[in-house]
Each structure stands twice: as structure tokens, then as C-alpha cells.
file start.cif (mmCIF, C-alpha atoms and all ligand atoms)
data_query
loop_
_atom_site.label_atom_id
_atom_site.label_comp_id
_atom_site.auth_asym_id
_atom_site.auth_seq_id
_atom_site.Cartn_x
_atom_site.Cartn_y
_atom_site.Cartn_z
CA MET A 1496 1.62 18.01 3.45
CA ASP A 1497 -1.89 19.48 3.23
CA GLN A 1498 -4.92 17.41 2.39
CA CYS A 1499 -3.38 13.95 2.07
CA VAL A 1500 -5.59 11.25 3.50
CA PHE A 1501 -2.71 8.79 3.81
CA CYS A 1502 -0.52 11.34 5.62
CA ASP A 1503 -3.47 11.80 7.97
CA ILE A 1504 -3.51 8.04 8.60
CA VAL A 1505 0.26 8.10 9.24
CA ALA A 1506 -0.29 10.96 11.70
CA GLY A 1507 -3.16 9.13 13.41
CA LYS A 1508 -5.55 11.94 12.52
CA ILE A 1509 -7.99 9.59 10.83
CA PRO A 1510 -8.51 6.00 11.90
CA ALA A 1511 -7.38 2.94 10.00
CA THR A 1512 -7.00 -0.72 10.82
CA ILE A 1513 -3.23 -0.99 11.03
CA LEU A 1514 -1.78 -4.35 9.97
CA TYR A 1515 1.92 -3.49 10.18
CA GLN A 1516 4.08 -0.50 11.00
CA ASP A 1517 7.73 0.35 11.38
CA ASP A 1518 9.89 3.46 11.18
CA ARG A 1519 9.53 3.81 7.40
CA ALA A 1520 6.26 2.19 6.38
CA ILE A 1521 2.75 1.44 7.51
CA ALA A 1522 0.13 -1.00 6.21
CA PHE A 1523 -3.60 -0.81 6.83
CA LYS A 1524 -6.86 -2.24 5.53
CA ASP A 1525 -8.34 -0.64 2.43
CA ILE A 1526 -11.65 1.04 3.25
CA HIS A 1527 -13.27 -0.48 0.13
CA PRO A 1528 -11.78 -3.96 -0.09
CA GLN A 1529 -11.74 -5.69 -3.48
CA ALA A 1530 -10.76 -9.04 -1.97
CA PRO A 1531 -11.02 -10.73 1.46
CA THR A 1532 -7.55 -9.31 2.17
CA HIS A 1533 -7.00 -5.86 0.71
CA ALA A 1534 -4.24 -3.91 2.41
CA LEU A 1535 -2.42 -0.74 1.46
CA VAL A 1536 1.31 -0.39 2.12
CA ILE A 1537 2.61 3.18 2.20
CA PRO A 1538 5.79 4.99 3.16
CA ARG A 1539 5.50 7.34 6.13
CA GLU A 1540 7.16 9.92 3.92
CA HIS A 1541 4.81 11.70 1.54
CA VAL A 1542 5.87 10.66 -1.96
CA PRO A 1543 3.00 11.43 -4.37
CA SER A 1544 3.47 8.55 -6.80
CA VAL A 1545 6.03 6.20 -8.31
CA ALA A 1546 6.98 9.08 -10.61
CA GLU A 1547 8.50 10.94 -7.66
CA LEU A 1548 10.60 8.03 -6.36
CA ARG A 1549 14.26 9.04 -6.58
CA GLY A 1550 17.57 7.34 -6.02
CA LYS A 1551 17.39 8.25 -2.34
CA HIS A 1552 14.20 6.18 -2.15
CA GLN A 1553 15.64 2.95 -3.53
CA TYR A 1554 15.80 1.18 -0.17
CA LEU A 1555 12.42 2.56 0.80
CA ALA A 1556 10.86 1.26 -2.43
CA ALA A 1557 12.34 -2.20 -1.82
CA HIS A 1558 11.20 -2.06 1.79
CA LEU A 1559 7.60 -1.52 0.71
CA ILE A 1560 7.73 -4.84 -1.16
CA PHE A 1561 9.17 -6.51 1.94
CA VAL A 1562 6.30 -5.06 3.98
CA ALA A 1563 3.78 -6.30 1.40
CA HIS A 1564 5.02 -9.86 1.93
CA GLU A 1565 5.04 -9.38 5.69
CA VAL A 1566 1.39 -8.30 5.55
CA ALA A 1567 0.61 -11.33 3.37
CA LYS A 1568 2.26 -13.57 5.99
CA ARG A 1569 0.17 -12.04 8.75
CA GLU A 1570 -2.97 -12.52 6.65
CA GLY A 1571 -2.16 -16.19 6.02
CA LEU A 1572 -1.44 -15.70 2.32
CA ALA A 1573 2.30 -16.30 2.18
CA ALA A 1574 2.16 -20.03 1.32
CA VAL A 1575 2.56 -20.59 -2.42
CA GLU A 1576 -0.71 -22.55 -2.40
CA LYS A 1577 -2.41 -19.34 -1.28
CA GLY A 1578 -0.71 -16.27 -2.72
CA TYR A 1579 -1.65 -12.67 -3.32
CA ARG A 1580 -1.25 -9.80 -5.74
CA VAL A 1581 0.62 -6.51 -5.37
CA VAL A 1582 -0.52 -3.57 -7.49
CA ILE A 1583 0.72 0.00 -7.84
CA ASN A 1584 -1.57 2.38 -9.69
CA TYR A 1585 -0.22 5.47 -11.43
CA GLY A 1586 -1.87 8.20 -13.43
CA ARG A 1587 -5.37 8.64 -14.74
CA GLU A 1588 -5.52 5.49 -16.85
CA GLY A 1589 -3.70 3.51 -14.18
CA GLY A 1590 -6.39 4.53 -11.71
CA GLN A 1591 -4.36 6.23 -8.96
CA GLU A 1592 -6.78 8.24 -6.84
CA VAL A 1593 -4.84 8.93 -3.65
CA PRO A 1594 -1.67 10.97 -4.36
CA HIS A 1595 0.55 9.22 -1.79
CA VAL A 1596 2.36 6.26 -3.29
CA HIS A 1597 0.94 2.93 -2.14
CA LEU A 1598 1.00 -0.78 -2.85
CA HIS A 1599 -2.27 -2.70 -2.89
CA VAL A 1600 -1.91 -6.20 -1.40
CA MET A 1601 -4.87 -8.34 -2.36
CA GLY A 1602 -5.69 -11.97 -1.76
CA GLY A 1603 -7.91 -14.48 -0.06
CA ARG A 1604 -9.71 -15.46 -3.26
CA PRO A 1605 -8.58 -16.51 -6.75
CA LEU A 1606 -7.56 -13.38 -8.65
CA ASN A 1607 -8.19 -13.74 -12.35
CA GLY A 1608 -7.78 -11.24 -15.17
CA ILE A 1609 -5.89 -7.96 -14.99
CA MET A 1610 -7.19 -6.91 -11.57
CA GLY A 1611 -9.26 -9.95 -10.66
P1 LIG B 1701 -5.68 4.09 -5.77
O1 LIG B 1701 -6.91 4.10 -6.63
O2 LIG B 1701 -5.17 5.49 -5.50
O3 LIG B 1701 -4.60 3.17 -6.26
O4 LIG B 1701 -6.12 3.46 -4.42
C1 LIG B 1701 -6.53 4.20 -3.32
C2 LIG B 1701 -7.17 3.23 -2.35
O5 LIG B 1701 -7.29 3.89 -1.11
C3 LIG B 1701 -8.58 2.78 -2.75
O6 LIG B 1701 -8.60 1.36 -2.86
C4 LIG B 1701 -9.47 3.30 -1.62
O7 LIG B 1701 -10.49 2.39 -1.27
C5 LIG B 1701 -8.49 3.50 -0.49
N1 LIG B 1701 -8.83 4.57 0.42
C6 LIG B 1701 -9.18 5.85 0.08
N2 LIG B 1701 -9.40 6.59 1.18
C7 LIG B 1701 -9.17 5.76 2.24
C8 LIG B 1701 -9.23 5.96 3.66
O8 LIG B 1701 -9.54 7.03 4.18
N3 LIG B 1701 -8.92 4.88 4.44
C9 LIG B 1701 -8.57 3.68 3.91
N4 LIG B 1701 -8.28 2.70 4.76
N5 LIG B 1701 -8.50 3.46 2.57
C10 LIG B 1701 -8.79 4.49 1.76
ZN ZN B 1702 0.70 11.89 1.95
#

call {"tool": "encode", "arguments": {"input": "start.cif", "output": "C-alpha cells", "more": "lines below"}}
Ligand code: 5GP
Ligand code: ZN
result
Amino acid sequence: MDQCVFCDIVAGKIPATILYQDDRAIAFKDIHPQAPTHALVIPREHVPSVAELRGKHQYLAAHLIFVAHEVAKREGLAAVEKGYRVVINYGREGGQEVPHVHLHVMGGRPLNGIMG
């Protein structure tokens, strides 16, 4: 895949602060955090957006949610008294800017309103 910043992070070509990784997924700190914890969870496979997720990706898609909670645990947000938010952006109005599907995991402060 040419010119995909998240594929470059997967390949180790550009640096990122890795919070979790396994054979299918990787999580790292967002470069412009919107909350004290702001991580991105991505599949190693280049899937451009949720629109390209297929039946063959069903376990991968579920795994990304599992990884989001694992990241939240590692960040001390997994207790119900703490908590966090998971967001997937899609399309122009949804605000997706990087065309490699990703989950935002945000927390560490009260999140109010649509995006806090
Ligand atoms: P989107 O708007 O596509 O849902 O979110 C993309 C996110 O990726 C943004 O929050 C942005 O700050 C983050 N981001 C973009 N480029 C980089 C990068 O090179 N490294 C890291 N760690 N985050 C990035
Ligand atoms: Zn990619």
C-alpha cells in the first residue's frame, strides 16, 4: 500500500508510541491527543475504512474492540468509575482523515457531548 501513514507505522517506517501489538492489530498514541489518553487501534492489514470491512474481517473487527479495551486497561481506564470512549470516523462528514480503518480510544477526563 503506497502512501498510508498507518501502514508505515505498522512497518516501523515512522515512529509511534506503541501501547499494544499482536499478530493482527496494533495500538499507538495519537499524535494530536484530544484527551489525556488518546490511542488509535488499527489492523495490521490495510483496510481503508469501515466501508471495506467484509465477512472475512468479522473476527478482525471484533478483535479491534477487544484491543481497545485492553489498551484502556493498560491506561488505567477499565474500571467503570473511570471509563473511556471508542470512536470510528467515516467519510467527509464523519471526519475520517487517515484512510486506514482505526478506532480512537479516548479517556482520562470526563467526555461530554458528541465528541467531548
Ligand atoms: P481520523 O480523523 O482519520 O479519524 O483520525 C486520524 C487520527 O490520526 C488523528 O487523530 C490524527 O491526530 C492521527 N494521526 C495522523 N497522523 C498520525 C501519525 O503520523 N502518527 C500518529 N501517532 N497519529 C497520527
Ligand atoms: Zn494502511

call {"tool": "closest_residue", "arguments": {"input": "start.cif", "among": "A:Pro1510, A:Pro1543, A:Pro1531, A:Gly1578", "to": "ligand ZN 1702 (chain B)", "atoms": "all atoms listed in the file"}}
result
A:Pro1543

call {"tool": "closest_residue", "arguments": {"input": "start.cif", "among": "A:Val1600, A:Ala1520, A:Ala1556, A:Leu1535", "to": "A:Tyr1579", "atoms": "only C-alpha atoms"}}
result
A:Val1600

call {"tool": "residues_near_ligand", "arguments": {"input": "start.cif", "ligand": "ligand ZN 1702 (chain B)", "cutoff": "10 Å", "atoms": "all atoms listed in the file", "output": "ChimeraX atom specification"}}
result
/A:1496-1506,1537-1544,1593-1597

call {"tool": "write_last_selection", "arguments": {"input": "start.cif", "atoms": "C-alpha atoms", "output": "CSV table (one decimal), keeping the file's coordinate frame"}}
result
chain,number,residue,atom,x,y,z
A,1496,MET,CA,1.6,18.0,3.4
A,1497,ASP,CA,-1.9,19.5,3.2
A,1498,GLN,CA,-4.9,17.4,2.4
A,1499,CYS,CA,-3.4,14.0,2.1
A,1500,VAL,CA,-5.6,11.2,3.5
A,1501,PHE,CA,-2.7,8.8,3.8
A,1502,CYS,CA,-0.5,11.3,5.6
A,1503,ASP,CA,-3.5,11.8,8.0
A,1504,ILE,CA,-3.5,8.0,8.6
A,1505,VAL,CA,0.3,8.1,9.2
A,1506,ALA,CA,-0.3,11.0,11.7
A,1537,ILE,CA,2.6,3.2,2.2
A,1538,PRO,CA,5.8,5.0,3.2
A,1539,ARG,CA,5.5,7.3,6.1
A,1540,GLU,CA,7.2,9.9,3.9
A,1541,HIS,CA,4.8,11.7,1.5
A,1542,VAL,CA,5.9,10.7,-2.0
A,1543,PRO,CA,3.0,11.4,-4.4
A,1544,SER,CA,3.5,8.6,-6.8
A,1593,VAL,CA,-4.8,8.9,-3.6
A,1594,PRO,CA,-1.7,11.0,-4.4
A,1595,HIS,CA,0.6,9.2,-1.8
A,1596,VAL,CA,2.4,6.3,-3.3
A,1597,HIS,CA,0.9,2.9,-2.1

call {"tool": "residues_near_ligand", "arguments": {"input": "start.cif", "ligand": "ligand LIG 1701 (chain B)", "cutoff": "7 Å", "atoms": "all atoms listed in the file", "output": "mmCIF file with C-alpha atoms, in the coordinates of the input"}}
result
data_model
loop_
_atom_site.group_PDB
_atom_site.id
_atom_site.type_symbol
_atom_site.label_atom_id
_atom_site.label_comp_id
_atom_site.auth_asym_id
_atom_site.auth_seq_id
_atom_site.Cartn_x
_atom_site.Cartn_y
_atom_site.Cartn_z
ATOM 1 C CA VAL A 1500 -5.590 11.250 3.500
ATOM 2 C CA ALA A 1511 -7.380 2.940 10.000
ATOM 3 C CA PHE A 1523 -3.600 -0.810 6.830
ATOM 4 C CA LYS A 1524 -6.860 -2.240 5.530
ATOM 5 C CA ASP A 1525 -8.340 -0.640 2.430
ATOM 6 C CA ILE A 1526 -11.650 1.040 3.250
ATOM 7 C CA HIS A 1527 -13.270 -0.480 0.130
ATOM 8 C CA PRO A 1528 -11.780 -3.960 -0.090
ATOM 9 C CA ILE A 1583 0.720 0.000 -7.840
ATOM 10 C CA ASN A 1584 -1.570 2.380 -9.690
ATOM 11 C CA GLY A 1590 -6.390 4.530 -11.710
ATOM 12 C CA GLN A 1591 -4.360 6.230 -8.960
ATOM 13 C CA GLU A 1592 -6.780 8.240 -6.840
ATOM 14 C CA VAL A 1593 -4.840 8.930 -3.650
ATOM 15 C CA PRO A 1594 -1.670 10.970 -4.360
ATOM 16 C CA HIS A 1597 0.940 2.930 -2.140
#

call {"tool": "closest_residue", "arguments": {"input": "start.cif", "among": "A:Val1536, A:His1552, A:Ile1521, A:Ala1574", "to": "A:Gly1603", "atoms": "only C-alpha atoms"}}
result
A:Ala1574

call {"tool": "atom_distance", "arguments": {"input": "start.cif", "atom1": "atom CA of A:Val1566", "atom2": "atom CA of A:Ala1522"}}
result
7.4 Å

call {"tool": "atom_distance", "arguments": {"input": "start.cif", "atom1": "atom CA of A:Arg1580", "atom2": "atom CA of A:Asp1518"}}
result
24.2 Å

call {"tool": "closest_residue", "arguments": {"input": "start.cif", "among": "A:Gly1602, A:Gly1589, A:Gly1608, A:Gly1550", "to": "A:Glu1570", "atoms": "only C-alpha atoms"}}
result
A:Gly1602

call {"tool": "atom_distance", "arguments": {"input": "start.cif", "atom1": "atom CA of A:Ala1563", "atom2": "atom CA of A:Thr1512"}}
result
15.4 Å

call {"tool": "build_atoms", "arguments": {"input": "start.cif", "residues": "stretch 1530-1541 of chain A", "atoms": "all heavy atoms", "output": "PDB file, in the coordinates of the input"}}
result
ATOM      1  N   ALA A1530     -11.046  -7.632  -2.212  1.00  0.00           N
ATOM      2  CA  ALA A1530     -10.760  -9.040  -1.970  1.00  0.00           C
ATOM      3  C   ALA A1530     -10.821  -9.238  -0.456  1.00  0.00           C
ATOM      4  O   ALA A1530     -10.771  -8.249   0.298  1.00  0.00           O
ATOM      5  CB  ALA A1530      -9.376  -9.408  -2.519  1.00  0.00           C
ATOM      6  N   PRO A1531     -10.936 -10.501   0.014  1.00  0.00           N
ATOM      7  CA  PRO A1531     -11.020 -10.730   1.460  1.00  0.00           C
ATOM      8  C   PRO A1531      -9.868 -10.067   2.231  1.00  0.00           C
ATOM      9  O   PRO A1531     -10.069  -9.544   3.327  1.00  0.00           O
ATOM     10  CB  PRO A1531     -10.988 -12.250   1.572  1.00  0.00           C
ATOM     11  CG  PRO A1531     -11.628 -12.711   0.294  1.00  0.00           C
ATOM     12  CD  PRO A1531     -11.148 -11.736  -0.755  1.00  0.00           C
ATOM     13  N   THR A1532      -8.661 -10.139   1.670  1.00  0.00           N
ATOM     14  CA  THR A1532      -7.550  -9.310   2.170  1.00  0.00           C
ATOM     15  C   THR A1532      -7.286  -8.225   1.155  1.00  0.00           C
ATOM     16  O   THR A1532      -7.058  -8.513  -0.027  1.00  0.00           O
ATOM     17  CB  THR A1532      -6.266 -10.142   2.382  1.00  0.00           C
ATOM     18  OG1 THR A1532      -6.456 -11.023   3.487  1.00  0.00           O
ATOM     19  CG2 THR A1532      -5.070  -9.233   2.669  1.00  0.00           C
ATOM     20  N   HIS A1533      -7.370  -6.987   1.578  1.00  0.00           N
ATOM     21  CA  HIS A1533      -7.000  -5.860   0.710  1.00  0.00           C
ATOM     22  C   HIS A1533      -6.342  -4.821   1.616  1.00  0.00           C
ATOM     23  O   HIS A1533      -7.028  -4.078   2.327  1.00  0.00           O
ATOM     24  CB  HIS A1533      -8.210  -5.277  -0.009  1.00  0.00           C
ATOM     25  CG  HIS A1533      -7.854  -4.238  -1.032  1.00  0.00           C
ATOM     26  ND1 HIS A1533      -8.766  -3.758  -1.946  1.00  0.00           N
ATOM     27  CD2 HIS A1533      -6.689  -3.585  -1.297  1.00  0.00           C
ATOM     28  CE1 HIS A1533      -8.184  -2.851  -2.724  1.00  0.00           C
ATOM     29  NE2 HIS A1533      -6.922  -2.713  -2.337  1.00  0.00           N
ATOM     30  N   ALA A1534      -5.019  -4.823   1.586  1.00  0.00           N
ATOM     31  CA  ALA A1534      -4.240  -3.910   2.410  1.00  0.00           C
ATOM     32  C   ALA A1534      -3.541  -2.884   1.529  1.00  0.00           C
ATOM     33  O   ALA A1534      -3.320  -3.117   0.335  1.00  0.00           O
ATOM     34  CB  ALA A1534      -3.205  -4.687   3.223  1.00  0.00           C
ATOM     35  N   LEU A1535      -3.213  -1.766   2.133  1.00  0.00           N
ATOM     36  CA  LEU A1535      -2.420  -0.740   1.460  1.00  0.00           C
ATOM     37  C   LEU A1535      -1.117  -0.576   2.237  1.00  0.00           C
ATOM     38  O   LEU A1535      -1.143  -0.475   3.466  1.00  0.00           O
ATOM     39  CB  LEU A1535      -3.173   0.588   1.412  1.00  0.00           C
ATOM     40  CG  LEU A1535      -4.518   0.536   0.680  1.00  0.00           C
ATOM     41  CD1 LEU A1535      -5.298   1.821   0.912  1.00  0.00           C
ATOM     42  CD2 LEU A1535      -4.309   0.295  -0.816  1.00  0.00           C
ATOM     43  N   VAL A1536      -0.012  -0.594   1.520  1.00  0.00           N
ATOM     44  CA  VAL A1536       1.310  -0.390   2.120  1.00  0.00           C
ATOM     45  C   VAL A1536       1.825   0.955   1.646  1.00  0.00           C
ATOM     46  O   VAL A1536       1.884   1.192   0.428  1.00  0.00           O
ATOM     47  CB  VAL A1536       2.297  -1.500   1.691  1.00  0.00           C
ATOM     48  CG1 VAL A1536       3.674  -1.253   2.299  1.00  0.00           C
ATOM     49  CG2 VAL A1536       1.771  -2.876   2.069  1.00  0.00           C
ATOM     50  N   ILE A1537       2.163   1.830   2.578  1.00  0.00           N
ATOM     51  CA  ILE A1537       2.610   3.180   2.200  1.00  0.00           C
ATOM     52  C   ILE A1537       3.872   3.551   2.966  1.00  0.00           C
ATOM     53  O   ILE A1537       4.098   3.075   4.076  1.00  0.00           O
ATOM     54  CB  ILE A1537       1.503   4.239   2.476  1.00  0.00           C
ATOM     55  CG1 ILE A1537       1.272   4.436   3.974  1.00  0.00           C
ATOM     56  CG2 ILE A1537       0.196   3.859   1.786  1.00  0.00           C
ATOM     57  CD1 ILE A1537       0.363   5.624   4.303  1.00  0.00           C
ATOM     58  N   PRO A1538       4.679   4.419   2.382  1.00  0.00           N
ATOM     59  CA  PRO A1538       5.790   4.990   3.160  1.00  0.00           C
ATOM     60  C   PRO A1538       5.253   6.049   4.101  1.00  0.00           C
ATOM     61  O   PRO A1538       4.248   6.708   3.794  1.00  0.00           O
ATOM     62  CB  PRO A1538       6.686   5.615   2.078  1.00  0.00           C
ATOM     63  CG  PRO A1538       5.736   5.974   0.974  1.00  0.00           C
ATOM     64  CD  PRO A1538       4.630   4.940   1.009  1.00  0.00           C
ATOM     65  N   ARG A1539       5.891   6.222   5.248  1.00  0.00           N
ATOM     66  CA  ARG A1539       5.500   7.340   6.130  1.00  0.00           C
ATOM     67  C   ARG A1539       5.778   8.673   5.452  1.00  0.00           C
ATOM     68  O   ARG A1539       5.041   9.634   5.644  1.00  0.00           O
ATOM     69  CB  ARG A1539       6.279   7.253   7.457  1.00  0.00           C
ATOM     70  CG  ARG A1539       5.810   6.125   8.357  1.00  0.00           C
ATOM     71  CD  ARG A1539       6.529   6.163   9.697  1.00  0.00           C
ATOM     72  NE  ARG A1539       6.130   5.041  10.522  1.00  0.00           N
ATOM     73  CZ  ARG A1539       5.078   5.040  11.346  1.00  0.00           C
ATOM     74  NH1 ARG A1539       4.319   6.112  11.442  1.00  0.00           N
ATOM     75  NH2 ARG A1539       4.797   3.981  12.065  1.00  0.00           N
ATOM     76  N   GLU A1540       6.838   8.700   4.669  1.00  0.00           N
ATOM     77  CA  GLU A1540       7.160   9.920   3.920  1.00  0.00           C
ATOM     78  C   GLU A1540       6.142  10.144   2.809  1.00  0.00           C
ATOM     79  O   GLU A1540       5.756   9.204   2.111  1.00  0.00           O
ATOM     80  CB  GLU A1540       8.572   9.760   3.307  1.00  0.00           C
ATOM     81  CG  GLU A1540       8.989  10.927   2.428  1.00  0.00           C
ATOM     82  CD  GLU A1540      10.326  10.696   1.727  1.00  0.00           C
ATOM     83  OE1 GLU A1540      11.073   9.761   2.122  1.00  0.00           O
ATOM     84  OE2 GLU A1540      10.624  11.447   0.787  1.00  0.00           O
ATOM     85  N   HIS A1541       5.738  11.396   2.627  1.00  0.00           N
ATOM     86  CA  HIS A1541       4.810  11.700   1.540  1.00  0.00           C
ATOM     87  C   HIS A1541       5.556  11.750   0.205  1.00  0.00           C
ATOM     88  O   HIS A1541       6.258  12.716  -0.093  1.00  0.00           O
ATOM     89  CB  HIS A1541       4.099  13.031   1.761  1.00  0.00           C
ATOM     90  CG  HIS A1541       3.137  13.338   0.646  1.00  0.00           C
ATOM     91  ND1 HIS A1541       1.857  12.816   0.610  1.00  0.00           N
ATOM     92  CD2 HIS A1541       3.289  14.043  -0.496  1.00  0.00           C
ATOM     93  CE1 HIS A1541       1.271  13.220  -0.505  1.00  0.00           C
ATOM     94  NE2 HIS A1541       2.112  13.968  -1.194  1.00  0.00           N
TER      95      HIS A1541
END
